[in-house]
$ cat work_15.txt   # compact mmCIF, C-alpha atoms
# COMPACT_ATOMS: atom_id res chain seq x y z
CA MET A 1 10.11 29.31 -3.27
CA THR A 2 12.09 28.60 -0.12
CA ASP A 3 15.85 28.34 0.01
CA GLU A 4 15.54 24.62 0.67
CA LEU A 5 13.50 24.06 -2.48
CA GLN A 6 15.94 26.13 -4.51
CA LEU A 7 18.82 24.04 -3.20
CA ILE A 8 16.88 20.86 -3.98
CA ASP A 9 16.29 22.00 -7.56
CA ALA A 10 19.95 22.89 -7.98
CA ALA A 11 21.02 19.55 -6.51
CA LYS A 12 18.64 17.73 -8.83
CA ALA A 13 20.33 19.52 -11.69
CA GLY A 14 23.63 17.99 -10.55
CA SER A 15 25.09 20.57 -8.19
CA VAL A 16 27.02 18.77 -5.45
CA SER A 17 27.69 22.02 -3.60
CA ALA A 18 23.97 22.80 -3.49
CA PHE A 19 23.31 19.36 -2.02
CA ALA A 20 26.12 19.83 0.50
CA ASP A 21 24.52 23.13 1.60
CA LEU A 22 21.12 21.48 1.72
CA VAL A 23 22.15 18.69 4.09
CA LYS A 24 24.68 20.66 6.15
CA SER A 25 22.27 21.31 8.99
CA TYR A 26 21.01 17.72 8.99
CA ARG A 27 24.34 15.95 9.32
CA VAL A 28 24.78 16.34 13.07
CA ARG A 29 21.12 15.55 13.71
CA LEU A 30 21.35 12.40 11.61
CA LEU A 31 24.56 11.34 13.35
CA ARG A 32 22.95 11.84 16.77
CA PHE A 33 19.95 9.75 15.77
CA LEU A 34 21.98 7.04 14.08
CA LEU A 35 24.29 6.83 17.07
CA THR A 36 21.35 5.59 19.11
CA ARG A 37 20.67 2.96 16.44
CA CYS A 38 24.17 1.64 15.81
CA THR A 39 26.55 -0.45 17.85
CA SER A 40 29.61 1.70 17.19
CA TYR A 41 30.46 5.30 16.42
CA ALA A 42 32.09 4.23 13.16
CA ASP A 43 28.89 2.46 12.09
CA ALA A 44 26.89 5.59 12.83
CA GLU A 45 29.27 7.68 10.72
CA ASP A 46 29.03 5.14 7.91
CA ALA A 47 25.25 5.25 8.14
CA VAL A 48 25.28 9.06 7.86
CA GLN A 49 27.51 8.84 4.80
CA ASP A 50 25.33 6.14 3.20
CA THR A 51 22.18 8.13 3.94
CA LEU A 52 23.50 11.28 2.29
CA ILE A 53 24.81 9.42 -0.74
CA ALA A 54 21.48 7.65 -1.20
CA ALA A 55 19.62 10.93 -0.79
CA TYR A 56 21.74 12.58 -3.48
CA ARG A 57 21.48 9.62 -5.82
CA TYR A 58 17.70 9.34 -5.54
CA LEU A 59 16.89 13.02 -5.09
CA HIS A 60 14.69 12.93 -8.20
CA SER A 61 12.26 10.72 -6.29
CA TYR A 62 11.83 13.28 -3.52
CA ASP A 63 8.25 14.54 -3.39
CA PRO A 64 8.16 18.25 -2.40
CA ARG A 65 4.86 17.66 -0.60
CA TRP A 66 6.94 15.94 2.10
CA ARG A 67 9.26 17.80 4.42
CA PHE A 68 12.80 17.17 3.29
CA SER A 69 13.78 16.10 6.82
CA THR A 70 11.03 13.44 6.80
CA TRP A 71 12.33 12.00 3.56
CA LEU A 72 15.93 12.10 4.82
CA TYR A 73 15.03 10.37 8.08
CA ARG A 74 13.15 7.70 6.21
CA ILE A 75 16.34 6.85 4.34
CA ALA A 76 18.38 7.02 7.56
CA ILE A 77 16.02 4.62 9.36
CA ARG A 78 16.33 2.11 6.53
CA LYS A 79 20.11 2.41 6.51
CA ALA A 80 20.22 1.86 10.27
CA GLN A 81 17.96 -1.19 9.97
CA LYS A 82 20.17 -2.60 7.22
CA LEU A 83 23.34 -2.04 9.26
CA ARG A 84 21.83 -3.65 12.30
CA SER A 85 20.60 -6.64 10.37
CA GLU A 86 24.14 -7.18 9.12
CA ASN A 87 25.67 -6.65 12.55
CA VAL A 88 26.07 -9.56 14.91
CA VAL A 89 26.19 -7.40 18.05
CA GLU A 90 22.83 -6.21 19.37
CA ILE A 91 22.43 -2.86 21.09
CA GLY A 92 21.06 -4.64 24.13
CA ASP A 93 24.39 -6.44 24.45
CA LEU A 94 26.25 -3.15 24.87
CA SER A 95 26.25 -2.63 28.58
CA ASP A 96 29.47 -0.76 29.32
CA GLU A 97 30.45 2.76 28.40
CA GLU A 98 33.41 1.63 26.33
CA GLY A 99 31.28 -0.58 24.14
CA ASP A 100 28.20 1.60 23.84
CA PRO A 101 28.77 4.60 21.56
CA LEU A 102 25.76 6.41 23.00
CA LEU A 103 27.10 6.24 26.54
CA HIS A 104 30.44 7.39 25.20
CA CYS A 105 28.83 10.55 23.84
CA ILE A 106 26.92 11.41 26.98
CA ALA A 107 28.64 13.40 29.67
CA ALA A 108 29.55 11.33 32.73
CA SER A 109 27.28 13.44 34.93
CA ASP A 110 24.34 12.81 32.61
CA THR A 111 23.93 9.14 33.30
CA ALA A 112 20.18 9.49 33.62
CA ASN A 113 19.75 10.45 29.99
CA LEU A 114 16.28 9.29 29.13
CA TRP A 115 17.28 8.12 25.66
CA VAL A 116 19.46 5.44 27.19
CA SER A 117 16.40 4.14 28.99
CA ALA A 118 14.26 4.59 25.89
CA ARG A 119 16.63 2.47 23.88
CA ARG A 120 16.36 -0.25 26.49
CA VAL A 121 12.59 -0.32 26.90
CA LEU A 122 11.33 0.55 23.39
CA ASN A 123 11.67 -1.45 20.22
CA ASP A 124 13.27 0.00 17.09
CA ASP A 125 10.24 1.55 15.43
CA VAL A 126 8.75 2.92 18.63
CA PHE A 127 12.12 4.37 19.60
CA ALA A 128 12.43 6.02 16.18
CA ALA A 129 8.92 7.45 16.44
CA THR A 130 9.69 8.82 19.90
CA TRP A 131 12.94 10.35 18.69
CA LEU A 132 11.32 12.02 15.68
CA ARG A 133 8.54 13.38 17.88
CA TYR A 134 10.50 14.73 20.80
CA ALA A 135 14.02 15.31 19.47
CA GLU A 136 13.00 16.48 15.98
CA ASP A 137 9.57 17.99 16.70
CA MET A 138 8.03 16.15 13.78
CA SER A 139 4.28 15.98 13.33
CA ILE A 140 2.40 12.69 13.70
CA ASN A 141 1.81 12.66 9.96
CA ASP A 142 5.48 13.13 9.13
CA ILE A 143 6.53 10.43 11.60
CA SER A 144 4.04 8.03 10.04
CA LYS A 145 5.46 8.75 6.60
CA ALA A 146 9.04 8.34 7.77
CA LEU A 147 8.28 5.00 9.38
CA ASP A 148 5.79 3.89 6.75
CA ARG A 149 3.14 3.38 9.42
CA SER A 150 -0.41 4.60 9.93
CA ASP A 151 -1.20 7.71 11.95
CA SER A 152 -3.11 5.54 14.40
CA TRP A 153 -0.09 3.33 14.97
CA THR A 154 2.09 6.37 15.60
CA LYS A 155 -0.34 7.99 18.04
CA VAL A 156 -0.94 4.83 20.03
CA ASN A 157 2.72 3.87 20.24
CA LEU A 158 3.87 7.36 21.19
CA LEU A 159 1.37 7.33 24.03
CA ARG A 160 2.51 3.93 25.21
CA ALA A 161 6.17 4.93 24.87
CA ARG A 162 5.53 7.95 27.06
CA LYS A 163 3.95 5.77 29.72
CA ALA A 164 6.86 3.35 29.57
CA LEU A 165 9.33 6.22 29.90
CA GLU A 166 7.38 7.81 32.75
CA THR A 167 7.62 4.51 34.55
CA GLU A 168 11.36 4.52 33.92
CA MET A 169 11.69 8.10 35.15
CA ASN A 170 9.86 7.29 38.33
CA GLY A 171 12.02 4.26 38.85
CA GLU A 172 9.04 1.95 38.89
CA ASN A 173 10.31 -0.40 36.27
CA ASN A 174 12.12 -3.23 37.94
CA GLY A 175 11.94 -5.58 34.99
CA SER A 176 13.58 -5.54 31.60
CA LYS A 177 10.54 -6.00 29.38
CA VAL A 178 10.88 -4.28 26.05
CA TYR A 179 7.82 -2.42 24.84
CA GLY A 180 6.71 -2.63 21.27
CA MET B 1 5.72 21.31 26.76
CA ASP B 2 5.31 18.78 29.55
CA LYS B 3 8.05 17.40 31.74
CA ILE B 4 8.81 14.23 29.84
CA ALA B 5 8.78 15.93 26.43
CA LYS B 6 11.14 18.61 27.70
CA GLN B 7 13.49 16.05 29.20
CA LEU B 8 13.54 14.01 25.98
CA LYS B 9 14.36 17.12 23.96
CA ASP B 10 17.07 18.25 26.37
CA ASP B 11 18.56 14.79 26.65
CA ALA B 12 18.72 14.46 22.85
CA ALA B 13 20.63 17.74 22.69
CA ARG B 14 23.03 16.46 25.35
CA ILE B 15 24.22 13.66 23.11
CA ASP B 16 27.51 15.18 22.09
CA VAL B 17 28.40 14.41 18.48
CA GLN B 18 30.15 16.32 15.78
CA ILE B 19 31.00 15.73 12.17
CA SER B 20 34.72 15.11 12.08
CA ASP B 21 36.89 16.57 9.33
CA GLU B 22 37.55 13.07 8.12
CA LEU B 23 33.85 12.25 7.83
CA ASP B 24 33.29 15.59 6.11
CA ARG B 25 35.99 14.76 3.55
CA ARG B 26 34.61 11.26 3.06
CA ILE B 27 31.11 12.55 2.43
CA SER B 28 32.33 15.21 -0.01
CA ALA B 29 34.48 12.72 -1.89
CA SER B 30 31.63 10.22 -2.06
CA LEU B 31 29.18 12.78 -3.37
CA GLN B 32 31.61 13.82 -6.10
CA GLY B 33 31.73 10.23 -7.26
CA VAL B 34 27.96 9.73 -7.27
CA THR B 35 25.90 10.18 -10.39
CA PRO B 36 22.30 11.04 -9.58
CA GLU B 37 19.81 8.57 -10.98
CA ILE B 38 17.86 9.92 -13.91
CA PRO B 39 14.09 9.42 -13.75
CA GLU B 40 12.62 6.92 -16.20
CA THR B 41 10.69 9.63 -18.05
CA ASP B 42 13.87 11.55 -18.70
CA LYS B 43 15.58 8.43 -19.95
CA ALA B 44 12.78 7.87 -22.44
CA THR B 45 13.11 11.35 -23.87
CA GLN B 46 16.83 10.87 -24.33
CA ARG B 47 16.40 8.01 -26.82
CA PRO B 48 17.40 8.91 -30.37
CA VAL B 49 14.69 9.57 -32.95
CA THR B 50 15.98 6.70 -35.07
CA PHE B 51 15.07 4.35 -32.20
CA TRP B 52 11.43 5.46 -32.48
CA TRP B 53 11.42 5.04 -36.28
CA ALA B 54 13.06 1.64 -36.11
CA SER B 55 10.56 0.33 -33.56
CA SER B 56 7.60 1.75 -35.53
CA LEU B 57 8.73 0.23 -38.82
CA THR B 58 9.33 -3.11 -37.17
CA GLY B 59 5.81 -3.06 -35.77
CA VAL B 60 4.23 -2.17 -39.11
CA ALA B 61 6.23 -4.84 -40.95
CA ALA B 62 5.19 -7.46 -38.43
CA ALA B 63 1.53 -6.47 -38.83
CA LEU B 64 1.74 -6.69 -42.66
CA ILE B 65 3.32 -10.13 -42.49
CA ILE B 66 0.58 -11.39 -40.22
CA VAL B 67 -2.16 -9.97 -42.49
CA ALA B 68 -0.55 -11.58 -45.57
CA MET B 69 -0.27 -14.93 -43.85
CA ILE B 70 -3.89 -14.83 -42.78
CA ASN B 71 -5.06 -13.93 -46.30
CA SER B 72 -3.05 -16.70 -47.95
CA GLN B 73 -4.33 -19.32 -45.62
CA SER B 74 -7.97 -18.28 -45.49
CA GLN B 75 -10.56 -20.39 -47.37
CA ILE B 76 -14.25 -19.92 -47.91
CA GLU B 77 -15.75 -22.18 -45.52
CA THR B 78 -18.99 -23.75 -46.65
CA VAL B 79 -21.35 -24.12 -43.91
CA PRO B 80 -23.22 -27.41 -44.27
CA ALA B 81 -26.92 -26.97 -44.35
CA LEU B 82 -28.30 -28.10 -41.23
CA ALA B 83 -30.89 -30.77 -41.48
CA PRO B 84 -34.03 -29.80 -39.76
CA GLU B 85 -33.90 -31.27 -36.49
CA VAL B 86 -36.75 -33.59 -35.91
CA SER B 87 -37.19 -33.99 -32.38
CA PRO B 88 -38.90 -37.15 -31.45
CA VAL B 89 -42.26 -36.32 -30.09
CA THR B 90 -43.29 -38.44 -27.31
CA VAL B 91 -46.91 -39.21 -27.80
CA ALA B 92 -48.61 -39.52 -24.58
CA THR B 93 -50.50 -42.66 -24.19
CA ILE B 94 -54.14 -41.75 -24.35
CA PRO B 95 -55.93 -43.56 -21.66
CA THR B 96 -59.03 -45.35 -22.66
CA ILE B 97 -62.10 -43.80 -21.16
CA ASP B 98 -64.60 -46.03 -19.69
CA TRP B 99 -67.80 -44.23 -20.73
CA LYS B 100 -70.14 -46.63 -19.11
CA ALA B 101 -72.90 -45.39 -21.48
CA GLU B 102 -75.69 -47.48 -22.61
CA SER B 103 -76.45 -47.38 -26.24
CA ALA B 104 -79.96 -46.27 -27.20
CA MET B 105 -82.21 -49.05 -27.88
CA LEU B 106 -83.89 -48.12 -31.10
CA THR B 107 -87.03 -50.10 -31.33
CA ARG B 108 -88.45 -48.37 -34.39
CA PRO B 109 -87.07 -46.80 -37.52
CA LEU B 110 -85.04 -43.63 -37.06
CA GLN B 111 -87.56 -41.35 -38.79
CA GLN B 112 -90.27 -42.52 -36.44
CA GLU B 113 -88.05 -41.98 -33.45
CA LEU B 114 -87.24 -38.43 -34.63
CA GLU B 115 -90.90 -37.58 -34.98
CA ASP B 116 -91.64 -38.91 -31.51
CA LEU B 117 -88.80 -36.84 -30.09
CA GLN B 118 -90.01 -33.69 -31.85
CA GLU B 119 -93.49 -34.32 -30.55
CA ASP B 120 -92.14 -34.75 -27.01
CA LEU B 121 -90.20 -31.53 -27.42
CA LYS B 122 -93.30 -29.66 -28.59
CA LYS B 123 -95.28 -30.94 -25.63
CA ALA B 124 -92.54 -29.87 -23.31
CA GLU B 125 -92.55 -26.38 -24.84
CA GLU B 126 -96.27 -26.01 -24.45
CA LYS B 127 -96.04 -27.18 -20.87
CA VAL B 128 -93.39 -24.58 -20.06
CA LYS B 129 -95.43 -21.83 -21.77
CA ARG B 130 -98.42 -22.74 -19.73
CA GLU B 131 -96.47 -22.73 -16.53
CA ILE B 132 -95.02 -19.28 -17.13
CA GLY B 133 -98.37 -17.93 -18.29
CA LEU B 134 -97.65 -17.10 -21.86
$ encode --input "work_15.txt" --output "structure tokens"
Amino acid sequence: MTDELQLIDAAKAGSVSAFADLVKSYRVRLLRFLLTRCTSYADAEDAVQDTLIAAYRYLHSYDPRWRFSTWLYRIAIRKAQKLRSENVVEIGDLSDEEGDPLLHCIAASDTANLWVSARRVLNDDVFAATWLRYAEDMSINDISKALDRSDSWTKVNLLRARKALETEMNGENNGSKVYG
Amino acid sequence: MDKIAKQLKDDAARIDVQISDELDRRISASLQGVTPEIPETDKATQRPVTFWWASSLTGVAAALIIVAMINSQSQIETVPALAPEVSPVTVATIPTIDWKAESAMLTRPLQQELEDLQEDLKKAEEKVKREIGL
């Protein structure tokens, strides 16, 4: 039995410290992902907190056949969607560095961060799939589970997202059409 | 790893975030206040034994009441003998046949006629025997 599974069992039994150890390495990763999905840094922090609380509360429903990170990201994606549906401000409306939390967290010299472009040209689900694939190294199957989509959908949209981002990298995109 | 995949991975790592002490405290405090949900199966096993007995006895009592009510209200139903059904037979109208036969004209008494016929028959037999060489 891996350490992760032992911690999960202990957390299921009611150990808060075991759960804290379990999610310790995921907190920064979740915050980074949720920052790209939220309109403010505070919202992203709230989403991380909500995700971890929900994970602890419903840990009994976790299926060990899944990777724990897949299950955790699935919750995080739902929390981000819920926050955004409640929020009046759209990410696309955040154009300046002061208003956009993602730009705030990117070094000034790194203005060509591809995730900024990805957020502009990809829709929510395709962006999430791209993030899970390239930032989290998740398998197609795990991404499909996290997004509740088919493997075919994931494969096709990752391929199209890559093409859209290649176009962005090469500076060929002179429009503002959102893919997805 | 190709160029775009590498850039996406590197760019993700360049997003500079950290869990602040305040967020850490908030998360810890929230988790302390959360009670994990207990699965439905566990909840079922936590019911007292008296609950099981009470529900069983209620079910049995309800079944007995229903049986008693049915017995008190039941009557022997006499099934009326069914009269044989006589289905009206439609008799087809028999068409009258136009025989167009002529009745034999008997000119002599019947006995005489019979003898003449037998004699004709005998002659016919002899004629046939002759023809076939018997």
$ interface_residues --input "work_15.txt" --of "chain A" --to "chain B" --cutoff "8 Å" --atoms "all atoms listed in the file" --output "PyMOL selection string"
chain A and resi 12+14+16+20+27-28+31-32+45+49+52-53+56-61+102+105-107+113-115+134-135+162+166
$ residues_around --input "work_15.txt" --residues "Pro64 of chain A" --least-positions-apart "5" --cutoff "12 Å" --atoms "all atoms listed in the file" --output "mmCIF file with C-alpha atoms, keeping the file's coordinate frame"
data_model
loop_
_atom_site.group_PDB
_atom_site.id
_atom_site.type_symbol
_atom_site.label_atom_id
_atom_site.label_comp_id
_atom_site.auth_asym_id
_atom_site.auth_seq_id
_atom_site.Cartn_x
_atom_site.Cartn_y
_atom_site.Cartn_z
ATOM 1 C CA MET A 1 10.110 29.310 -3.270
ATOM 2 C CA THR A 2 12.090 28.600 -0.120
ATOM 3 C CA GLU A 4 15.540 24.620 0.670
ATOM 4 C CA LEU A 5 13.500 24.060 -2.480
ATOM 5 C CA GLN A 6 15.940 26.130 -4.510
ATOM 6 C CA ILE A 8 16.880 20.860 -3.980
ATOM 7 C CA ASP A 9 16.290 22.000 -7.560
ATOM 8 C CA LEU A 59 16.890 13.020 -5.090
ATOM 9 C CA SER A 69 13.780 16.100 6.820
ATOM 10 C CA THR A 70 11.030 13.440 6.800
ATOM 11 C CA TRP A 71 12.330 12.000 3.560
#
$ closest_residue --input "work_15.txt" --among "A:Glu136, A:Asp100, A:Asp142, A:Asp148" --to "Arg65 of chain A" --atoms "only C-alpha atoms"
A:Asp142
$ atom_distance --input "work_15.txt" --atom1 "atom CA of Val49 of chain B" --atom2 "atom CA of Ala63 of chain B"
21.6 Å
$ atom_distance --input "work_15.txt" --atom1 "atom CA of Gly171 of chain A" --atom2 "atom CA of Leu159 of chain A"
18.5 Å
$ closest_residue --input "work_15.txt" --among "A:Leu147, A:Leu7, A:Ala42, A:Ala161" --to "Tyr73 of chain A" --atoms "all atoms listed in the file"
A:Leu147
$ closest_residue --input "work_15.txt" --among "A:Ala47, A:Leu132, A:Leu72, A:Ala112" --to "Ser25 of chain A" --atoms "all atoms listed in the file"
A:Leu72
$ atom_distance --input "work_15.txt" --atom1 "atom CA of Ala146 of chain A" --atom2 "atom CA of Trp66 of chain A"
9.7 Å
